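Visitor: Input file: start-v3.cif. Contents: mmCIF, C-alpha atoms and all ligand atoms.
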data_input
loop_
_atom_site.label_atom_id
_atom_site.label_comp_id
_atom_site.auth_asym_id
_atom_site.auth_seq_id
_atom_site.Cartn_x
_atom_site.Cartn_y
_atom_site.Cartn_z
CA MET A 85 0.00 0.00 0.00
CA ASP A 86 1.27 3.53 -0.82
CA ARG A 87 2.69 5.20 2.29
CA TYR A 88 2.50 8.85 3.31
CA LEU A 89 3.15 10.64 6.57
CA VAL A 90 3.65 13.98 8.25
CA PHE A 91 6.99 14.99 9.77
CA GLY A 92 6.87 17.44 12.66
CA HIS A 93 8.04 17.97 16.22
CA PRO A 94 5.82 17.75 18.15
CA VAL A 95 3.38 16.06 15.80
CA ARG A 96 1.40 13.70 18.02
CA HIS A 97 -1.68 15.92 17.93
CA SER A 98 -1.57 16.47 14.17
CA LYS A 99 -4.93 16.15 12.43
CA SER A 100 -3.32 15.28 9.08
CA PRO A 101 -3.70 11.48 9.44
CA PHE A 102 -7.40 11.96 10.24
CA ILE A 103 -7.91 14.28 7.26
CA HIS A 104 -5.97 12.23 4.70
CA THR A 105 -7.59 8.98 5.81
CA LEU A 106 -11.00 10.55 5.13
CA PHE A 107 -9.81 11.90 1.76
CA ALA A 108 -8.54 8.43 0.78
CA ARG A 109 -11.82 6.80 1.76
CA GLN A 110 -13.84 9.42 -0.11
CA THR A 111 -11.80 9.11 -3.32
CA GLN A 112 -11.28 5.33 -2.99
CA GLN A 113 -7.51 5.63 -3.00
CA GLU A 114 -5.53 2.88 -1.31
CA LEU A 115 -2.99 4.52 0.96
CA GLU A 116 -1.92 4.78 4.54
CA TYR A 117 -0.91 7.98 6.29
CA GLY A 118 1.10 8.12 9.52
CA LEU A 119 3.16 10.38 11.79
CA ALA A 120 6.91 10.80 12.28
CA GLU A 121 8.51 12.88 15.02
CA PRO A 122 12.28 12.78 14.49
CA ALA A 123 14.62 14.67 16.81
CA VAL A 124 15.17 18.14 15.45
CA ASP A 125 18.69 17.33 14.17
CA GLU A 126 17.61 13.98 12.68
CA PHE A 127 14.99 15.16 10.21
CA ALA A 128 17.22 14.93 7.12
CA GLN A 129 18.13 11.32 7.85
CA ALA A 130 14.53 10.38 8.71
CA LEU A 131 13.29 11.89 5.44
CA ARG A 132 15.88 9.97 3.42
CA THR A 133 15.05 6.71 5.19
CA PHE A 134 11.31 7.17 4.59
CA PHE A 135 11.76 7.54 0.84
CA ASP A 136 14.46 4.82 0.66
CA GLN A 137 11.94 2.47 2.23
CA GLY A 138 9.29 3.15 -0.41
CA GLY A 139 7.42 6.20 0.94
CA LYS A 140 5.48 8.02 -1.80
CA GLY A 141 5.07 11.45 -0.22
CA CYS A 142 4.94 13.41 2.99
CA ASN A 143 3.79 16.56 4.65
CA VAL A 144 6.23 18.63 6.65
CA THR A 145 5.23 20.86 9.52
CA VAL A 146 6.82 22.92 12.30
CA PRO A 147 9.81 23.09 12.72
CA PHE A 148 10.98 21.34 9.54
CA LYS A 149 9.47 23.36 6.65
CA GLU A 150 12.54 25.53 5.99
CA GLN A 151 14.90 22.56 6.26
CA ALA A 152 12.73 20.53 3.86
CA PHE A 153 13.16 23.38 1.38
CA THR A 154 16.90 22.63 1.27
CA LEU A 155 16.57 18.82 1.14
CA VAL A 156 14.38 18.22 -1.94
CA ASP A 157 15.67 17.77 -5.52
CA CYS A 158 13.46 20.43 -7.06
CA LEU A 159 10.92 23.03 -5.98
CA SER A 160 7.55 24.15 -7.32
CA PRO A 161 7.38 27.89 -8.07
CA ARG A 162 5.09 28.47 -5.06
CA ALA A 163 7.48 26.62 -2.71
CA LYS A 164 10.36 28.70 -4.06
CA ARG A 165 8.39 31.88 -3.30
CA ALA A 166 7.35 30.67 0.15
CA GLY A 167 10.90 29.67 1.09
CA ALA A 168 9.43 26.60 2.77
CA VAL A 169 8.13 23.16 1.85
CA ASN A 170 5.08 21.54 3.45
CA THR A 171 4.48 18.81 0.84
CA ILE A 172 6.97 16.43 -0.78
CA LYS A 173 6.18 14.03 -3.59
CA LEU A 174 8.38 11.29 -4.99
CA THR A 175 7.79 11.54 -8.72
CA ASP A 176 7.72 8.56 -11.11
CA ASP A 177 11.26 9.57 -12.17
CA GLY A 178 12.51 9.23 -8.59
CA VAL A 179 12.78 12.99 -8.05
CA LEU A 180 11.82 14.53 -4.69
CA LEU A 181 9.56 17.47 -5.54
CA GLY A 182 9.06 20.09 -2.82
CA ASP A 183 5.80 22.04 -2.88
CA ASN A 184 3.97 24.43 -0.57
CA THR A 185 0.19 24.23 -0.34
CA ASP A 186 -0.35 26.48 2.72
CA GLY A 187 -1.10 29.70 0.87
CA ALA A 188 -3.40 27.98 -1.62
CA GLY A 189 -5.18 26.43 1.38
CA LEU A 190 -5.68 29.84 2.96
CA VAL A 191 -7.09 31.36 -0.23
CA ALA A 192 -9.38 28.36 -0.85
CA ASP A 193 -10.73 28.61 2.70
CA LEU A 194 -11.31 32.37 2.46
CA LYS A 195 -13.22 31.83 -0.79
CA SER A 196 -15.27 29.02 0.70
CA HIS A 197 -16.36 31.51 3.37
CA GLY A 198 -17.44 33.94 0.63
CA VAL A 199 -14.66 36.47 1.32
CA THR A 200 -13.93 38.66 -1.71
CA LEU A 201 -10.21 39.22 -2.24
CA ALA A 202 -10.19 41.10 -5.55
CA ASP A 203 -10.03 44.87 -5.04
CA SER A 204 -10.04 44.43 -1.27
CA ARG A 205 -7.78 46.07 1.30
CA ILE A 206 -6.01 43.32 3.22
CA LEU A 207 -4.03 43.63 6.45
CA LEU A 208 -1.62 40.77 7.13
CA LEU A 209 -0.33 40.57 10.70
CA GLY A 210 3.05 38.89 11.17
CA ALA A 211 6.09 38.44 8.95
CA GLY A 212 7.23 34.90 9.76
CA GLY A 213 7.03 31.72 7.73
CA ALA A 214 3.23 31.64 7.71
CA ALA A 215 3.01 35.18 6.32
CA ARG A 216 5.64 34.46 3.69
CA GLY A 217 3.70 31.41 2.47
CA ALA A 218 0.48 33.39 2.17
CA LEU A 219 1.77 36.41 0.26
CA ALA A 220 2.02 35.17 -3.34
CA PRO A 221 -1.36 33.37 -3.34
CA LEU A 222 -3.05 36.43 -1.77
CA LEU A 223 -1.49 38.85 -4.25
CA ALA A 224 -2.55 36.57 -7.12
CA GLU A 225 -6.15 37.39 -6.14
CA LEU A 226 -5.53 41.05 -7.06
CA PRO A 227 -6.33 42.93 -3.84
CA SER A 228 -6.23 46.72 -4.15
CA GLU A 229 -3.68 46.84 -1.32
CA LEU A 230 -1.95 44.42 1.00
CA VAL A 231 -0.37 45.88 4.13
CA ILE A 232 1.98 43.83 6.32
CA ALA A 233 2.35 44.82 9.98
CA ASN A 234 4.79 43.07 12.27
CA ARG A 235 6.08 43.57 15.81
CA THR A 236 9.60 43.65 14.34
CA HIS A 237 8.98 46.19 11.60
CA THR A 238 12.16 45.49 9.62
CA LYS A 239 10.93 41.95 8.90
CA ALA A 240 7.69 43.33 7.44
CA GLN A 241 9.73 45.75 5.31
CA GLN A 242 11.90 42.92 4.02
CA LEU A 243 8.88 40.81 3.08
CA ALA A 244 7.14 43.71 1.34
CA ALA A 245 10.29 44.42 -0.69
CA GLU A 246 10.65 40.77 -1.61
CA PHE A 247 7.06 40.44 -2.90
CA HIS A 248 6.75 43.90 -4.40
CA ASP A 249 7.00 42.52 -7.94
CA LEU A 250 3.80 40.54 -7.43
CA GLY A 251 1.47 43.34 -6.40
CA PRO A 252 0.67 46.39 -4.23
CA VAL A 253 2.26 45.23 -0.97
CA THR A 254 3.63 47.63 1.67
CA ALA A 255 4.82 47.45 5.27
CA GLN A 256 3.51 49.63 8.08
CA THR A 257 4.05 49.64 11.81
CA TYR A 258 1.07 48.76 14.02
CA GLU A 259 0.90 52.46 15.00
CA GLN A 260 0.81 53.63 11.38
CA LEU A 261 -2.15 51.48 10.34
CA ALA A 262 -5.15 53.39 9.02
CA GLY A 263 -8.44 51.71 8.11
CA PRO A 264 -10.75 50.71 6.78
CA PHE A 265 -9.51 47.23 5.94
CA ASP A 266 -11.83 44.62 4.42
CA LEU A 267 -9.91 41.64 5.76
CA VAL A 268 -7.39 41.12 8.58
CA ILE A 269 -5.36 37.90 8.54
CA ASN A 270 -3.51 37.02 11.71
CA SER A 271 -0.46 34.93 10.81
CA THR A 272 1.36 35.67 14.08
CA SER A 273 1.92 32.98 16.66
CA ALA A 274 0.65 35.35 19.39
CA SER A 275 -2.51 33.27 19.96
CA LEU A 276 -0.32 30.29 20.91
CA GLN A 277 0.65 32.16 24.08
CA GLY A 278 -2.87 33.57 24.47
CA GLU A 279 -1.45 36.96 23.44
CA LEU A 280 -2.76 39.54 20.99
CA PRO A 281 -0.95 41.41 18.24
CA PRO A 282 -1.00 45.11 19.21
CA LEU A 283 -3.77 46.14 16.84
CA ALA A 284 -5.87 49.24 17.56
CA PRO A 285 -9.51 48.27 18.29
CA ALA A 286 -10.65 51.18 16.10
CA LEU A 287 -9.57 49.15 13.05
CA ILE A 288 -12.31 46.59 13.72
CA HIS A 289 -15.75 47.31 12.25
CA THR A 290 -18.88 45.26 11.64
CA ASP A 291 -18.20 44.51 7.96
CA ILE A 292 -14.59 43.44 8.37
CA ALA A 293 -13.59 39.81 7.85
CA ILE A 294 -11.21 38.40 10.46
CA TYR A 295 -9.07 35.34 9.83
CA ASP A 296 -6.78 33.70 12.39
CA MET A 297 -4.48 31.02 10.96
CA MET A 298 -4.47 29.42 14.43
CA TYR A 299 -7.35 27.30 15.68
CA GLY A 300 -8.50 25.57 18.81
CA ALA A 301 -11.52 23.96 20.42
CA SER A 302 -12.69 27.44 21.39
CA ASP A 303 -12.13 30.92 19.89
CA THR A 304 -8.51 32.02 19.65
CA ALA A 305 -7.55 35.08 21.68
CA PHE A 306 -7.53 37.17 18.49
CA ILE A 307 -10.98 36.04 17.36
CA SER A 308 -12.48 36.68 20.81
CA TRP A 309 -10.93 40.13 20.82
CA ALA A 310 -12.21 40.95 17.30
CA LYS A 311 -15.72 39.78 18.21
CA GLN A 312 -15.68 41.95 21.33
CA HIS A 313 -14.94 44.92 19.09
CA GLY A 314 -17.80 44.22 16.71
CA ALA A 315 -16.45 41.91 13.98
CA ARG A 316 -19.27 39.73 12.69
CA GLN A 317 -17.33 37.46 10.33
CA THR A 318 -14.54 35.57 12.05
CA MET A 319 -12.76 32.45 10.78
CA ASP A 320 -10.07 30.27 12.31
CA GLY A 321 -7.39 28.20 10.59
CA LEU A 322 -9.14 24.84 10.70
CA GLY A 323 -10.51 25.28 7.19
CA MET A 324 -7.05 26.26 5.94
CA LEU A 325 -5.68 23.06 7.47
CA VAL A 326 -8.18 20.95 5.53
CA GLU A 327 -7.74 22.94 2.30
CA GLN A 328 -3.92 22.75 2.33
CA ALA A 329 -4.28 19.00 2.91
CA ALA A 330 -6.68 18.69 -0.04
CA GLU A 331 -4.16 20.51 -2.22
CA ALA A 332 -1.36 18.15 -1.05
CA PHE A 333 -3.55 15.12 -1.70
CA THR A 334 -4.19 16.43 -5.22
CA VAL A 335 -0.44 16.85 -5.80
CA TRP A 336 0.20 13.24 -4.72
CA ARG A 337 -2.79 11.40 -6.19
CA GLY A 338 -3.93 13.59 -9.10
CA ILE A 339 -7.47 13.60 -7.71
CA ARG A 340 -9.05 16.42 -5.70
CA PRO A 341 -11.03 15.42 -2.61
CA GLY A 342 -14.04 17.37 -1.39
CA THR A 343 -13.39 19.31 1.81
CA LYS A 344 -16.79 20.30 3.28
CA GLN A 345 -17.75 16.96 4.81
CA VAL A 346 -14.17 16.34 6.03
CA LEU A 347 -14.11 19.74 7.76
CA ARG A 348 -17.40 18.91 9.44
CA GLU A 349 -16.06 15.57 10.66
CA LEU A 350 -12.87 17.22 11.89
CA LYS A 351 -14.88 19.76 13.87
CA ARG A 352 -16.90 16.95 15.39
CA ASN A 353 -13.67 15.12 16.24
CA LEU A 354 -12.29 18.24 17.94
CA GLY A 355 -15.53 18.81 19.82
CA VAL A 356 -16.11 22.18 18.10
CA ILE A 357 -19.63 21.19 16.97
P1 LIG A 401 5.44 31.10 11.65
O1 LIG A 401 6.30 30.19 10.85
O2 LIG A 401 4.26 30.43 12.31
O3 LIG A 401 5.05 32.33 10.93
P2 LIG A 401 7.53 32.54 12.98
O4 LIG A 401 8.30 32.53 11.71
O5 LIG A 401 8.21 32.25 14.28
O6 LIG A 401 6.33 31.51 12.92
O7 LIG A 401 6.78 33.94 13.07
C1 LIG A 401 5.96 34.29 14.14
C2 LIG A 401 5.35 35.65 13.84
O8 LIG A 401 4.47 35.98 14.92
C3 LIG A 401 6.35 36.76 13.76
O9 LIG A 401 5.89 37.69 12.81
C4 LIG A 401 6.31 37.36 15.17
O10 LIG A 401 6.72 38.70 15.25
P3 LIG A 401 8.29 39.08 15.35
O11 LIG A 401 8.83 38.98 13.94
O12 LIG A 401 8.32 40.45 15.88
O13 LIG A 401 8.91 38.05 16.28
C5 LIG A 401 4.85 37.26 15.45
N1 LIG A 401 4.51 37.25 16.90
C6 LIG A 401 4.74 36.27 17.79
N2 LIG A 401 4.25 36.60 19.01
C7 LIG A 401 3.70 37.85 18.87
C8 LIG A 401 3.04 38.75 19.75
N3 LIG A 401 2.83 38.44 21.04
N4 LIG A 401 2.60 39.93 19.25
C9 LIG A 401 2.79 40.24 17.96
N5 LIG A 401 3.41 39.43 17.07
C10 LIG A 401 3.86 38.26 17.52
#
Now, as a test, write the supplied structure out as structure tokens.
Guide:
Amino acid sequence: MDRYLVFGHPVRHSKSPFIHTLFARQTQQELEYGLAEPAVDEFAQALRTFFDQGGKGCNVTVPFKEQAFTLVDCLSPRAKRAGAVNTIKLTDDGVLLGDNTDGAGLVADLKSHGVTLADSRILLLGAGGAARGALAPLLAELPSELVIANRTHTKAQQLAAEFHDLGPVTAQTYEQLAGPFDLVINSTSASLQGELPPLAPALIHTDIAIYDMMYGASDTAFISWAKQHGARQTMDGLGMLVEQAAEAFTVWRGIRPGTKQVLRELKRNLGVI
């Protein structure tokens, strides 16, 4: 049976095996999907061993995405832009192809929620790996403006300069931000510590769409905060997780699974509904 897995550390609580097992059942593909948690300095060896032993493909998550970028034989254009790899496929020619489906997953999830990206004013919070992966797919949707704000402003400036050729992207400090924005995407890891990015409450209004790439069994700190200040449309990163997985599955198997039912089952599994 074709073997796939996700590499991460820690990875025990990953939902990827659950998601891909449902995709395989739905599309009648024979495959198994597991977990691997190598020590941080043993990822390269573990990856090699997996493919030497017949593995067909893998996902890569924190903290290995940047390292995976350097270990594959060739990169898709979107992985090259993202500077990170979350999906690896062993091609029929024996080549390890590195891809990145995170940004496509974000855009697919935003669209499935009915969020309009074309001609919109987007605020992206954070300038780490998650922000980098999202930039090209977001700019491909032709927003009127995309502003990056980050605690460490120089990192936002660097990202804006790097992606300037793809669209109207600028960097501003949190203090400089002036609304109205149509969509705010939180790519910071602040919610992990129950913290908030230092965003002025005045930027939140009833018609704004709020997206937090993080998720949990209850609202993230950022989503709770945005709701308190009047945001009516809030979304967490669970849909992005399922959509990036669907994109990876398509890369591996050449068949696109449906995501709606799988997202529902995942929510049930997490106790969200
Ligand atoms: P990831 O790969 O998930 O993006 P990362 O590369 O470590 O993780 O980036 C984390 C991002 O969250 C950074 O933009 C970080 O800001 P700094 O560049 O200033 O470190 C941001 N971040 C983390 N905690 C934050 C907080 N409490 N408030 C605001 N931003 C925060």
Visitor: Would you work out the distance separating atom CA of A:Leu243 from atom CA of A:Ala330, expressed in Å to one decimal?
Guide: 27.2 Å
Visitor: List as a PyMOL selection string the protein and nucleic acid residues lying within 6 Å of ligand LIG 401 (chain A), with only C-alpha atoms and all ligand atoms counted.
Guide: chain A and resi 210-215+234-236+272-274+279-281
Visitor: Which residue, A:Ala310, A:Leu350, A:Leu222, A:Val191, has the smallest gap to A:Glu327 when you use only C-alpha atoms?
Guide: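 Closest to A:Glu327 of all the choices is A:Val191.
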Visitor: Work out how far atom CA of A:Thr171 is from atom CA of A:Asp183, in Å to one decimal.
Guide: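 Atom-to-atom, atom CA of A:Asp183 to atom CA of A:Thr171, that is 5.1 Å.
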Visitor: Quote the spacing between atom CA of A:Leu106 and atom CA of A:Met324 in Å to one decimal place.
Guide: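 Calculated distance between atom CA of A:Leu106 and atom CA of A:Met324 is 16.2 Å.
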Visitor: List as a ChimeraX atom specification the protein and nucleic acid residues near stretch 347-349 of chain A, meaning an atom at most 7 Å away when only C-alpha atoms are counted, but skip any in the same chain fewer than 3 places from it.
Guide: /A:323,326,343-344,352-353
Visitor: Next, write the just-selected residues to a file, as a PDB file, in the coordinates of the input, keeping C-alpha atoms as the atom set.
Guide:
ATOM      1  CA  GLY A 323     -10.510  25.280   7.190  1.00  0.00           C
ATOM      2  CA  VAL A 326      -8.180  20.950   5.530  1.00  0.00           C
ATOM      3  CA  THR A 343     -13.390  19.310   1.810  1.00  0.00           C
ATOM      4  CA  LYS A 344     -16.790  20.300   3.280  1.00  0.00           C
ATOM      5  CA  ARG A 352     -16.900  16.950  15.390  1.00  0.00           C
ATOM      6  CA  ASN A 353     -13.670  15.120  16.240  1.00  0.00           C
TER       7      ASN A 353
END
Visitor: Within 9 Å of stretch 157-168 of chain A, counting all atoms listed in the file, which residues show up once you throw out same-chain ones fewer than 3 positions away? Write them as a ChimeraX atom specification, please.
Guide: /A:148-154,179-185,187,213-221,247
Visitor: Compile the contact shell of A:Glu114 as a list in words: residues with an atom at most 12 Å away, counting all atoms listed in the file, same-chain residues fewer than 2 positions apart removed.
Guide: Met85, Asp86, Arg87, Tyr88, His104, Thr105, Leu106, Phe107, Ala108, Arg109, Gln110, Thr111, Gln112, Glu116, Tyr117 and Arg337 of chain A
Visitor: Residues of stretch 245-269 of chain A that have any atom at most 10 Å from an atom of stretch 292-295 of chain A: could you tabulate them with the shortest-distance atom pair and the distance in Å to one decimal, using only C-alpha atoms, ordered by chain and increasing number, as JSON lines?
Guide:
{"residue": "A:Pro264", "atom": "CA", "partner": "A:Ile292", "partner_atom": "CA", "distance": 8.4}
{"residue": "A:Phe265", "atom": "CA", "partner": "A:Ile292", "partner_atom": "CA", "distance": 6.8}
{"residue": "A:Asp266", "atom": "CA", "partner": "A:Ile292", "partner_atom": "CA", "distance": 5.0}
{"residue": "A:Leu267", "atom": "CA", "partner": "A:Ala293", "partner_atom": "CA", "distance": 4.6}
{"residue": "A:Val268", "atom": "CA", "partner": "A:Ile294", "partner_atom": "CA", "distance": 5.1}
{"residue": "A:Ile269", "atom": "CA", "partner": "A:Tyr295", "partner_atom": "CA", "distance": 4.7}
Visitor: Would you mind telling me which residue in A:Met319, A:Ile103, A:Ala224, A:Val356 lies nearest to A:Val199 when using all atoms listed in the file?
Guide: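 Selected residue with least distance to A:Val199: A:Met319.
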